[in-house]
file upload_0.cif (mmCIF, C-alpha atoms)
data_protein
loop_
_atom_site.group_PDB
_atom_site.id
_atom_site.type_symbol
_atom_site.label_atom_id
_atom_site.label_comp_id
_atom_site.auth_asym_id
_atom_site.auth_seq_id
_atom_site.Cartn_x
_atom_site.Cartn_y
_atom_site.Cartn_z
ATOM 1 C CA MET A 1 119.646 105.660 120.119
ATOM 2 C CA SER A 2 121.300 108.845 118.962
ATOM 3 C CA LEU A 3 120.931 109.416 115.225
ATOM 4 C CA ARG A 4 123.554 111.288 113.275
ATOM 5 C CA VAL A 5 124.832 111.821 109.759
ATOM 6 C CA ILE A 6 128.050 109.791 109.472
ATOM 7 C CA SER A 7 129.764 111.247 106.415
ATOM 8 C CA GLY A 8 129.735 114.037 103.826
ATOM 9 C CA LYS A 9 128.552 117.652 103.905
ATOM 10 C CA ALA A 10 126.370 117.241 107.017
ATOM 11 C CA LYS A 11 128.749 114.895 108.866
ATOM 12 C CA SER A 12 128.143 114.650 112.641
ATOM 13 C CA ARG A 13 124.830 116.555 112.527
ATOM 14 C CA ARG A 14 122.423 115.062 115.050
ATOM 15 C CA LEU A 15 119.048 113.995 113.696
ATOM 16 C CA LYS A 16 115.764 113.990 115.570
ATOM 17 C CA ASP A 17 114.052 110.681 116.194
ATOM 18 C CA VAL A 18 110.355 110.051 115.548
ATOM 19 C CA PRO A 19 108.511 110.199 118.900
ATOM 20 C CA GLY A 20 107.149 106.843 120.069
ATOM 21 C CA ASP A 21 108.014 103.411 118.708
ATOM 22 C CA THR A 22 106.470 103.508 115.231
ATOM 23 C CA THR A 23 109.837 103.569 113.437
ATOM 24 C CA ARG A 24 113.050 101.569 113.777
ATOM 25 C CA PRO A 25 116.010 103.800 112.971
ATOM 26 C CA VAL A 26 118.865 102.225 111.060
ATOM 27 C CA THR A 27 122.090 101.746 113.040
ATOM 28 C CA ASP A 28 125.272 103.600 112.126
ATOM 29 C CA MET A 29 126.910 100.232 111.370
ATOM 30 C CA VAL A 30 124.268 99.316 108.768
ATOM 31 C CA LYS A 31 124.249 102.831 107.304
ATOM 32 C CA GLN A 32 128.055 102.847 107.016
ATOM 33 C CA ALA A 33 128.065 99.386 105.409
ATOM 34 C CA LEU A 34 125.361 100.356 102.893
ATOM 35 C CA PHE A 35 127.162 103.500 101.777
ATOM 36 C CA ASN A 36 130.513 101.692 101.622
ATOM 37 C CA ILE A 37 128.875 99.256 99.159
ATOM 38 C CA LEU A 38 127.428 102.100 97.072
ATOM 39 C CA GLY A 39 130.586 104.221 97.171
ATOM 40 C CA ALA A 40 130.913 107.081 94.679
ATOM 41 C CA ASP A 41 127.798 105.953 92.763
ATOM 42 C CA VAL A 42 125.776 107.973 95.275
ATOM 43 C CA ILE A 43 127.085 111.238 93.768
ATOM 44 C CA ASP A 44 124.430 112.941 91.591
ATOM 45 C CA SER A 45 121.984 110.039 92.072
ATOM 46 C CA ASN A 46 118.219 110.254 92.652
ATOM 47 C CA TRP A 47 116.701 108.393 95.610
ATOM 48 C CA TRP A 48 113.312 107.450 96.945
ATOM 49 C CA ASP A 49 113.331 106.705 100.674
ATOM 50 C CA LEU A 50 109.987 104.936 100.505
ATOM 51 C CA PHE A 51 109.222 104.412 104.214
ATOM 52 C CA GLY A 52 111.132 107.507 105.284
ATOM 53 C CA GLY A 53 110.904 107.261 109.085
ATOM 54 C CA THR A 54 113.452 109.782 110.371
ATOM 55 C CA GLY A 55 114.846 110.381 106.887
ATOM 56 C CA ALA A 56 118.263 109.077 107.990
ATOM 57 C CA ILE A 57 119.019 107.050 104.824
ATOM 58 C CA GLY A 58 117.941 109.729 102.359
ATOM 59 C CA ILE A 59 119.718 112.455 104.337
ATOM 60 C CA GLU A 60 122.896 110.340 104.415
ATOM 61 C CA ALA A 61 122.636 110.008 100.627
ATOM 62 C CA LEU A 62 122.242 113.802 100.256
ATOM 63 C CA SER A 63 125.176 114.392 102.596
ATOM 64 C CA ARG A 64 127.295 112.133 100.381
ATOM 65 C CA GLY A 65 126.384 113.968 97.178
ATOM 66 C CA ALA A 66 123.029 112.610 95.961
ATOM 67 C CA ALA A 67 121.213 115.130 93.753
ATOM 68 C CA PHE A 68 117.665 114.528 95.002
ATOM 69 C CA VAL A 69 115.724 112.436 97.513
ATOM 70 C CA ARG A 70 111.979 111.879 97.683
ATOM 71 C CA PHE A 71 110.831 110.855 101.148
ATOM 72 C CA SER A 72 107.445 109.247 101.609
ATOM 73 C CA GLU A 73 105.648 108.401 104.815
ATOM 74 C CA LEU A 74 102.089 107.625 105.764
ATOM 75 C CA ASN A 75 101.995 109.195 109.238
ATOM 76 C CA ARG A 76 102.261 112.799 110.386
ATOM 77 C CA LEU A 77 104.962 112.361 113.072
ATOM 78 C CA PRO A 78 107.573 110.860 110.709
ATOM 79 C CA VAL A 79 106.739 113.510 108.071
ATOM 80 C CA GLU A 80 107.334 116.271 110.661
ATOM 81 C CA THR A 81 110.562 114.561 111.790
ATOM 82 C CA ILE A 82 111.877 114.330 108.211
ATOM 83 C CA LYS A 83 111.048 118.038 107.633
ATOM 84 C CA SER A 84 112.918 118.951 110.805
ATOM 85 C CA ASN A 85 115.938 116.767 109.938
ATOM 86 C CA LEU A 86 116.140 118.262 106.447
ATOM 87 C CA GLN A 87 116.199 121.751 108.010
ATOM 88 C CA ILE A 88 118.891 120.696 110.519
ATOM 89 C CA THR A 89 121.097 119.360 107.703
ATOM 90 C CA GLY A 90 120.324 122.082 105.149
ATOM 91 C CA PHE A 91 119.020 119.735 102.442
ATOM 92 C CA THR A 92 115.419 120.966 102.171
ATOM 93 C CA ALA A 93 115.946 122.289 98.612
ATOM 94 C CA GLN A 94 117.152 118.879 97.327
ATOM 95 C CA ALA A 95 114.300 116.932 98.871
ATOM 96 C CA GLU A 96 110.604 116.352 98.518
ATOM 97 C CA ILE A 97 108.336 114.850 101.162
ATOM 98 C CA ARG A 98 105.126 113.090 100.181
ATOM 99 C CA ARG A 99 102.664 111.947 102.791
ATOM 100 C CA GLY A 100 100.639 108.939 101.767
ATOM 101 C CA ASP A 101 100.429 105.200 101.297
ATOM 102 C CA ALA A 102 103.534 103.680 99.670
ATOM 103 C CA PHE A 103 101.532 101.102 97.705
ATOM 104 C CA THR A 104 99.234 103.747 96.240
ATOM 105 C CA MET A 105 102.231 105.926 95.321
ATOM 106 C CA LEU A 106 103.995 103.032 93.596
ATOM 107 C CA SER A 107 100.888 102.090 91.588
ATOM 108 C CA ILE A 108 100.466 105.454 89.827
ATOM 109 C CA THR A 109 102.176 106.552 86.605
ATOM 110 C CA PRO A 110 105.813 107.418 87.468
ATOM 111 C CA ASP A 111 106.596 111.135 87.495
ATOM 112 C CA ARG A 112 110.373 110.601 87.626
ATOM 113 C CA GLN A 113 112.965 107.816 87.714
ATOM 114 C CA PHE A 114 115.157 106.858 90.640
ATOM 115 C CA ASP A 115 118.634 105.324 90.771
ATOM 116 C CA TYR A 116 118.005 103.954 94.269
ATOM 117 C CA ILE A 117 114.801 103.043 96.052
ATOM 118 C CA TYR A 118 115.229 102.198 99.728
ATOM 119 C CA ILE A 119 112.530 100.025 101.302
ATOM 120 C CA ALA A 120 112.515 99.737 105.117
ATOM 121 C CA PRO A 121 108.864 99.247 106.090
ATOM 122 C CA PRO A 122 107.417 98.317 109.480
ATOM 123 C CA GLN A 123 108.643 94.829 110.374
ATOM 124 C CA TYR A 124 106.798 91.501 110.337
ATOM 125 C CA ARG A 125 103.866 92.640 108.188
ATOM 126 C CA GLU A 126 105.014 91.313 104.773
ATOM 127 C CA MET A 127 105.114 94.923 103.613
ATOM 128 C CA TRP A 128 108.593 94.588 102.103
ATOM 129 C CA SER A 129 107.583 91.850 99.659
ATOM 130 C CA LYS A 130 104.290 93.590 98.809
ATOM 131 C CA THR A 131 106.294 96.769 98.103
ATOM 132 C CA LEU A 132 108.732 94.870 95.875
ATOM 133 C CA LEU A 133 105.873 93.295 93.919
ATOM 134 C CA GLU A 134 104.211 96.708 93.460
ATOM 135 C CA LEU A 135 107.491 98.188 92.209
ATOM 136 C CA ASP A 136 108.125 95.177 89.962
ATOM 137 C CA ALA A 137 104.684 95.717 88.394
ATOM 138 C CA ASN A 138 105.498 99.382 87.676
ATOM 139 C CA PRO A 139 109.239 99.470 86.804
ATOM 140 C CA GLY A 140 109.034 102.903 85.195
ATOM 141 C CA TRP A 141 110.067 104.335 88.581
ATOM 142 C CA LEU A 142 113.551 102.864 88.049
ATOM 143 C CA SER A 143 116.306 104.334 85.908
ATOM 144 C CA GLU A 144 118.518 102.064 83.817
ATOM 145 C CA GLY A 145 120.748 100.074 86.193
ATOM 146 C CA ALA A 146 118.767 101.163 89.254
ATOM 147 C CA TRP A 147 119.088 99.371 92.574
ATOM 148 C CA VAL A 148 116.374 98.593 95.093
ATOM 149 C CA VAL A 149 117.609 98.012 98.636
ATOM 150 C CA VAL A 150 115.374 96.279 101.174
ATOM 151 C CA GLN A 151 116.059 96.506 104.923
ATOM 152 C CA ILE A 152 114.331 93.795 106.989
ATOM 153 C CA HIS A 153 114.880 91.469 109.937
ATOM 154 C CA PRO A 154 116.548 88.246 108.705
ATOM 155 C CA ARG A 155 113.547 86.180 109.902
ATOM 156 C CA GLU A 156 111.309 88.024 107.424
ATOM 157 C CA GLU A 157 113.383 86.967 104.411
ATOM 158 C CA HIS A 158 111.924 84.732 101.699
ATOM 159 C CA ASP A 159 112.035 84.517 97.911
ATOM 160 C CA VAL A 160 109.775 86.817 95.916
ATOM 161 C CA GLU A 161 108.879 86.009 92.279
ATOM 162 C CA LEU A 162 109.798 89.094 90.253
ATOM 163 C CA THR A 163 109.730 89.922 86.539
ATOM 164 C CA HIS A 164 111.698 93.184 86.225
ATOM 165 C CA LEU A 165 113.890 93.034 89.326
ATOM 166 C CA GLU A 166 116.644 90.569 90.100
ATOM 167 C CA ARG A 167 118.152 89.846 93.498
ATOM 168 C CA PHE A 168 121.941 90.018 93.310
ATOM 169 C CA ASP A 169 123.291 90.365 96.840
ATOM 170 C CA GLU A 170 122.450 90.379 100.524
ATOM 171 C CA ARG A 171 124.331 91.421 103.648
ATOM 172 C CA LYS A 172 123.481 90.636 107.237
ATOM 173 C CA TYR A 173 124.428 92.932 110.132
ATOM 174 C CA GLY A 174 123.125 91.526 113.418
ATOM 175 C CA SER A 175 119.327 91.776 113.341
ATOM 176 C CA THR A 176 119.312 93.678 110.017
ATOM 177 C CA LEU A 177 119.371 92.143 106.564
ATOM 178 C CA LEU A 178 119.963 94.271 103.465
ATOM 179 C CA ILE A 179 118.826 92.654 100.213
ATOM 180 C CA PHE A 180 119.908 94.198 96.906
ATOM 181 C CA TYR A 181 117.910 94.019 93.676
ATOM 182 C CA GLU A 182 118.642 95.562 90.306
ATOM 183 C CA LYS A 183 116.493 96.311 87.308
ATOM 184 C CA LYS A 184 116.922 93.574 84.691
#

call {"tool": "encode", "arguments": {"input": "upload_0.cif", "output": "structure tokens"}}
result
Amino acid sequence: MSLRVISGKAKSRRLKDVPGDTTRPVTDMVKQALFNILGADVIDSNWWDLFGGTGAIGIEALSRGAAFVRFSELNRLPVETIKSNLQITGFTAQAEIRRGDAFTMLSITPDRQFDYIYIAPPQYREMWSKTLLELDANPGWLSEGAWVVVQIHPREEHDVELTHLERFDERKYGSTLLIFYEKK
């Protein structure tokens, strides 16, 4: 699959894919739908692309006017791919890449607040719900009115008991389900 930025300052720039099959890049259809839902709210927002992969979601946000994106990834190859894609698109100065475990990062004292946190972990490992619970237990990461967007396969979906986050919408696009939560 050929990855590209679909709108904004870096429109049509081709992005590198992570070698191997450790990541599952988001399709243009899902990316377009997500950013149509968010609209102009992306401008000047702060993002955390928690399981960064290729960086495609965070880079799309930067291309559409986001102020800052933190990318986090556990493995070296995705980290190198994100670095490369930020250089290709010219957004290195507005981004930060942290290599490490997402659950450990979420459990520490927040060093900044985010308007959007995007969660697209490896599939079929219950990582999405564990991530949500970790974030719910440490809501200081979220600005007032923040959204958390989860990208999973529809078969993975189930209810998660949350205290600080509330599910308010979901959209299905083929084999991808986006679930939207907001800070209560």

call {"tool": "atom_distance", "arguments": {"input": "upload_0.cif", "atom1": "CA of Tyr124 in chain A", "atom2": "CA of Ile37 in chain A"}}
result
25.9 Å

call {"tool": "residues_around", "arguments": {"input": "upload_0.cif", "residues": "Lys9 in chain A", "least_positions_apart": "5", "cutoff": "9 Å", "atoms": "all atoms listed in the file", "output": "PyMOL selection string"}}
result
chain A and resi 62-65+89

call {"tool": "closest_residue", "arguments": {"input": "upload_0.cif", "among": "A:Glu144, A:Asp49, A:Asp41, A:Glu80", "to": "Glu182 in chain A", "atoms": "all atoms listed in the file"}}
result
A:Glu144

call {"tool": "closest_residue", "arguments": {"input": "upload_0.cif", "among": "A:Val149, A:Leu50, A:Met127, A:Ala137", "to": "Val79 in chain A", "atoms": "all atoms listed in the file"}}
result
A:Leu50

call {"tool": "closest_residue", "arguments": {"input": "upload_0.cif", "among": "A:Asp169, A:Asp159, A:Asp44, A:Asp17", "to": "Gln94 in chain A", "atoms": "only C-alpha atoms"}}
result
A:Asp44

call {"tool": "residues_around", "arguments": {"input": "upload_0.cif", "residues": "Gln123 in chain A", "least_positions_apart": "3", "cutoff": "12 Å", "atoms": "only C-alpha atoms", "output": "MDAnalysis selection string"}}
result
chainID A and resid 21:25 51 119:120 126:129 150:157 175:177

call {"tool": "closest_residue", "arguments": {"input": "upload_0.cif", "among": "A:Leu15, A:Val30, A:Gly52, A:Val5", "to": "Arg171 in chain A", "atoms": "all atoms listed in the file"}}
result
A:Val30

call {"tool": "closest_residue", "arguments": {"input": "upload_0.cif", "among": "A:Asp115, A:Glu96, A:Asp101, A:Glu60", "to": "Leu34 in chain A", "atoms": "all atoms listed in the file"}}
result
A:Glu60

call {"tool": "atom_distance", "arguments": {"input": "upload_0.cif", "atom1": "CA of Trp141 in chain A", "atom2": "CA of Ile117 in chain A"}}
result
8.9 Å

call {"tool": "atom_distance", "arguments": {"input": "upload_0.cif", "atom1": "CA of Gln32 in chain A", "atom2": "CA of Ser143 in chain A"}}
result
24.2 Å

call {"tool": "resolve_selection", "arguments": {"input": "upload_0.cif", "expression": "the PyMOL selection byres ((chain A and resi 104) around 12)", "output": "list in words"}}
result
Leu50, Ser72, Glu73, Leu74, Arg98, Arg99, Gly100, Asp101, Ala102, Phe103, Met105, Leu106, Ser107, Ile108, Thr109, Pro110, Lys130, Thr131, Glu134, Leu135 and Asn138 of chain A

call {"tool": "closest_residue", "arguments": {"input": "upload_0.cif", "among": "A:Gln113, A:Thr54, A:Asn75, A:Thr163", "to": "Asp136 in chain A", "atoms": "all atoms listed in the file"}}
result
A:Thr163

call {"tool": "residues_around", "arguments": {"input": "upload_0.cif", "residues": "Leu165 in chain A", "least_positions_apart": "3", "cutoff": "10 Å", "atoms": "all atoms listed in the file", "output": "PyMOL selection string"}}
result
chain A and resi 132-133+135-137+139+142+146-148+160-162+168+180-184

call {"tool": "axis_aligned_box", "arguments": {"input": "upload_0.cif", "around": "range 83-96 of chain A", "padding_each_side": "6 Å", "output": "AutoDock Vina command-line options"}}
result
--center_x 115.9 --center_y 119.3 --center_z 104.1 --size_x 22.5 --size_y 17.9 --size_z 25.5

call {"tool": "resolve_selection", "arguments": {"input": "upload_0.cif", "expression": "the PyMOL selection byres ((chain A and resi 83) around 10)", "output": "ChimeraX atom specification"}}
result
/A:54-55,71,77-82,84-88,91-92,95-97

call {"tool": "build_atoms", "arguments": {"input": "upload_0.cif", "residues": "range 169-182 of chain A", "atoms": "N, CA and C atoms", "output": "PDB file, in the frame of the given file"}}
result
ATOM      1  N   ASP A 169     122.408  90.410  95.676  1.00  0.00           N
ATOM      2  CA  ASP A 169     123.291  90.365  96.840  1.00  0.00           C
ATOM      3  C   ASP A 169     122.459  90.523  98.107  1.00  0.00           C
ATOM      4  N   GLU A 170     123.045  90.123  99.214  1.00  0.00           N
ATOM      5  CA  GLU A 170     122.450  90.379 100.524  1.00  0.00           C
ATOM      6  C   GLU A 170     123.567  90.458 101.538  1.00  0.00           C
ATOM      7  N   ARG A 171     123.356  91.264 102.572  1.00  0.00           N
ATOM      8  CA  ARG A 171     124.331  91.421 103.648  1.00  0.00           C
ATOM      9  C   ARG A 171     123.590  91.453 104.958  1.00  0.00           C
ATOM     10  N   LYS A 172     124.121  90.701 105.924  1.00  0.00           N
ATOM     11  CA  LYS A 172     123.481  90.636 107.237  1.00  0.00           C
ATOM     12  C   LYS A 172     124.365  91.341 108.257  1.00  0.00           C
ATOM     13  N   TYR A 173     123.752  92.198 109.060  1.00  0.00           N
ATOM     14  CA  TYR A 173     124.428  92.932 110.132  1.00  0.00           C
ATOM     15  C   TYR A 173     123.583  92.762 111.387  1.00  0.00           C
ATOM     16  N   GLY A 174     123.904  91.781 112.211  1.00  0.00           N
ATOM     17  CA  GLY A 174     123.125  91.526 113.418  1.00  0.00           C
ATOM     18  C   GLY A 174     121.681  91.206 113.074  1.00  0.00           C
ATOM     19  N   SER A 175     120.750  92.018 113.580  1.00  0.00           N
ATOM     20  CA  SER A 175     119.327  91.776 113.341  1.00  0.00           C
ATOM     21  C   SER A 175     118.806  92.543 112.123  1.00  0.00           C
ATOM     22  N   THR A 176     119.714  92.965 111.237  1.00  0.00           N
ATOM     23  CA  THR A 176     119.312  93.678 110.017  1.00  0.00           C
ATOM     24  C   THR A 176     119.854  92.951 108.801  1.00  0.00           C
ATOM     25  N   LEU A 177     118.980  92.735 107.833  1.00  0.00           N
ATOM     26  CA  LEU A 177     119.371  92.143 106.564  1.00  0.00           C
ATOM     27  C   LEU A 177     119.110  93.166 105.465  1.00  0.00           C
ATOM     28  N   LEU A 178     120.120  93.429 104.647  1.00  0.00           N
ATOM     29  CA  LEU A 178     119.963  94.271 103.465  1.00  0.00           C
ATOM     30  C   LEU A 178     119.950  93.337 102.257  1.00  0.00           C
ATOM     31  N   ILE A 179     118.917  93.452 101.431  1.00  0.00           N
ATOM     32  CA  ILE A 179     118.826  92.654 100.213  1.00  0.00           C
ATOM     33  C   ILE A 179     118.860  93.625  99.033  1.00  0.00           C
ATOM     34  N   PHE A 180     119.703  93.314  98.047  1.00  0.00           N
ATOM     35  CA  PHE A 180     119.908  94.198  96.906  1.00  0.00           C
ATOM     36  C   PHE A 180     119.289  93.592  95.651  1.00  0.00           C
ATOM     37  N   TYR A 181     118.520  94.414  94.949  1.00  0.00           N
ATOM     38  CA  TYR A 181     117.910  94.019  93.676  1.00  0.00           C
ATOM     39  C   TYR A 181     118.335  95.038  92.634  1.00  0.00           C
ATOM     40  N   GLU A 182     118.400  94.599  91.371  1.00  0.00           N
ATOM     41  CA  GLU A 182     118.642  95.562  90.306  1.00  0.00           C
ATOM     42  C   GLU A 182     117.636  95.346  89.197  1.00  0.00           C
TER      43      GLU A 182
END
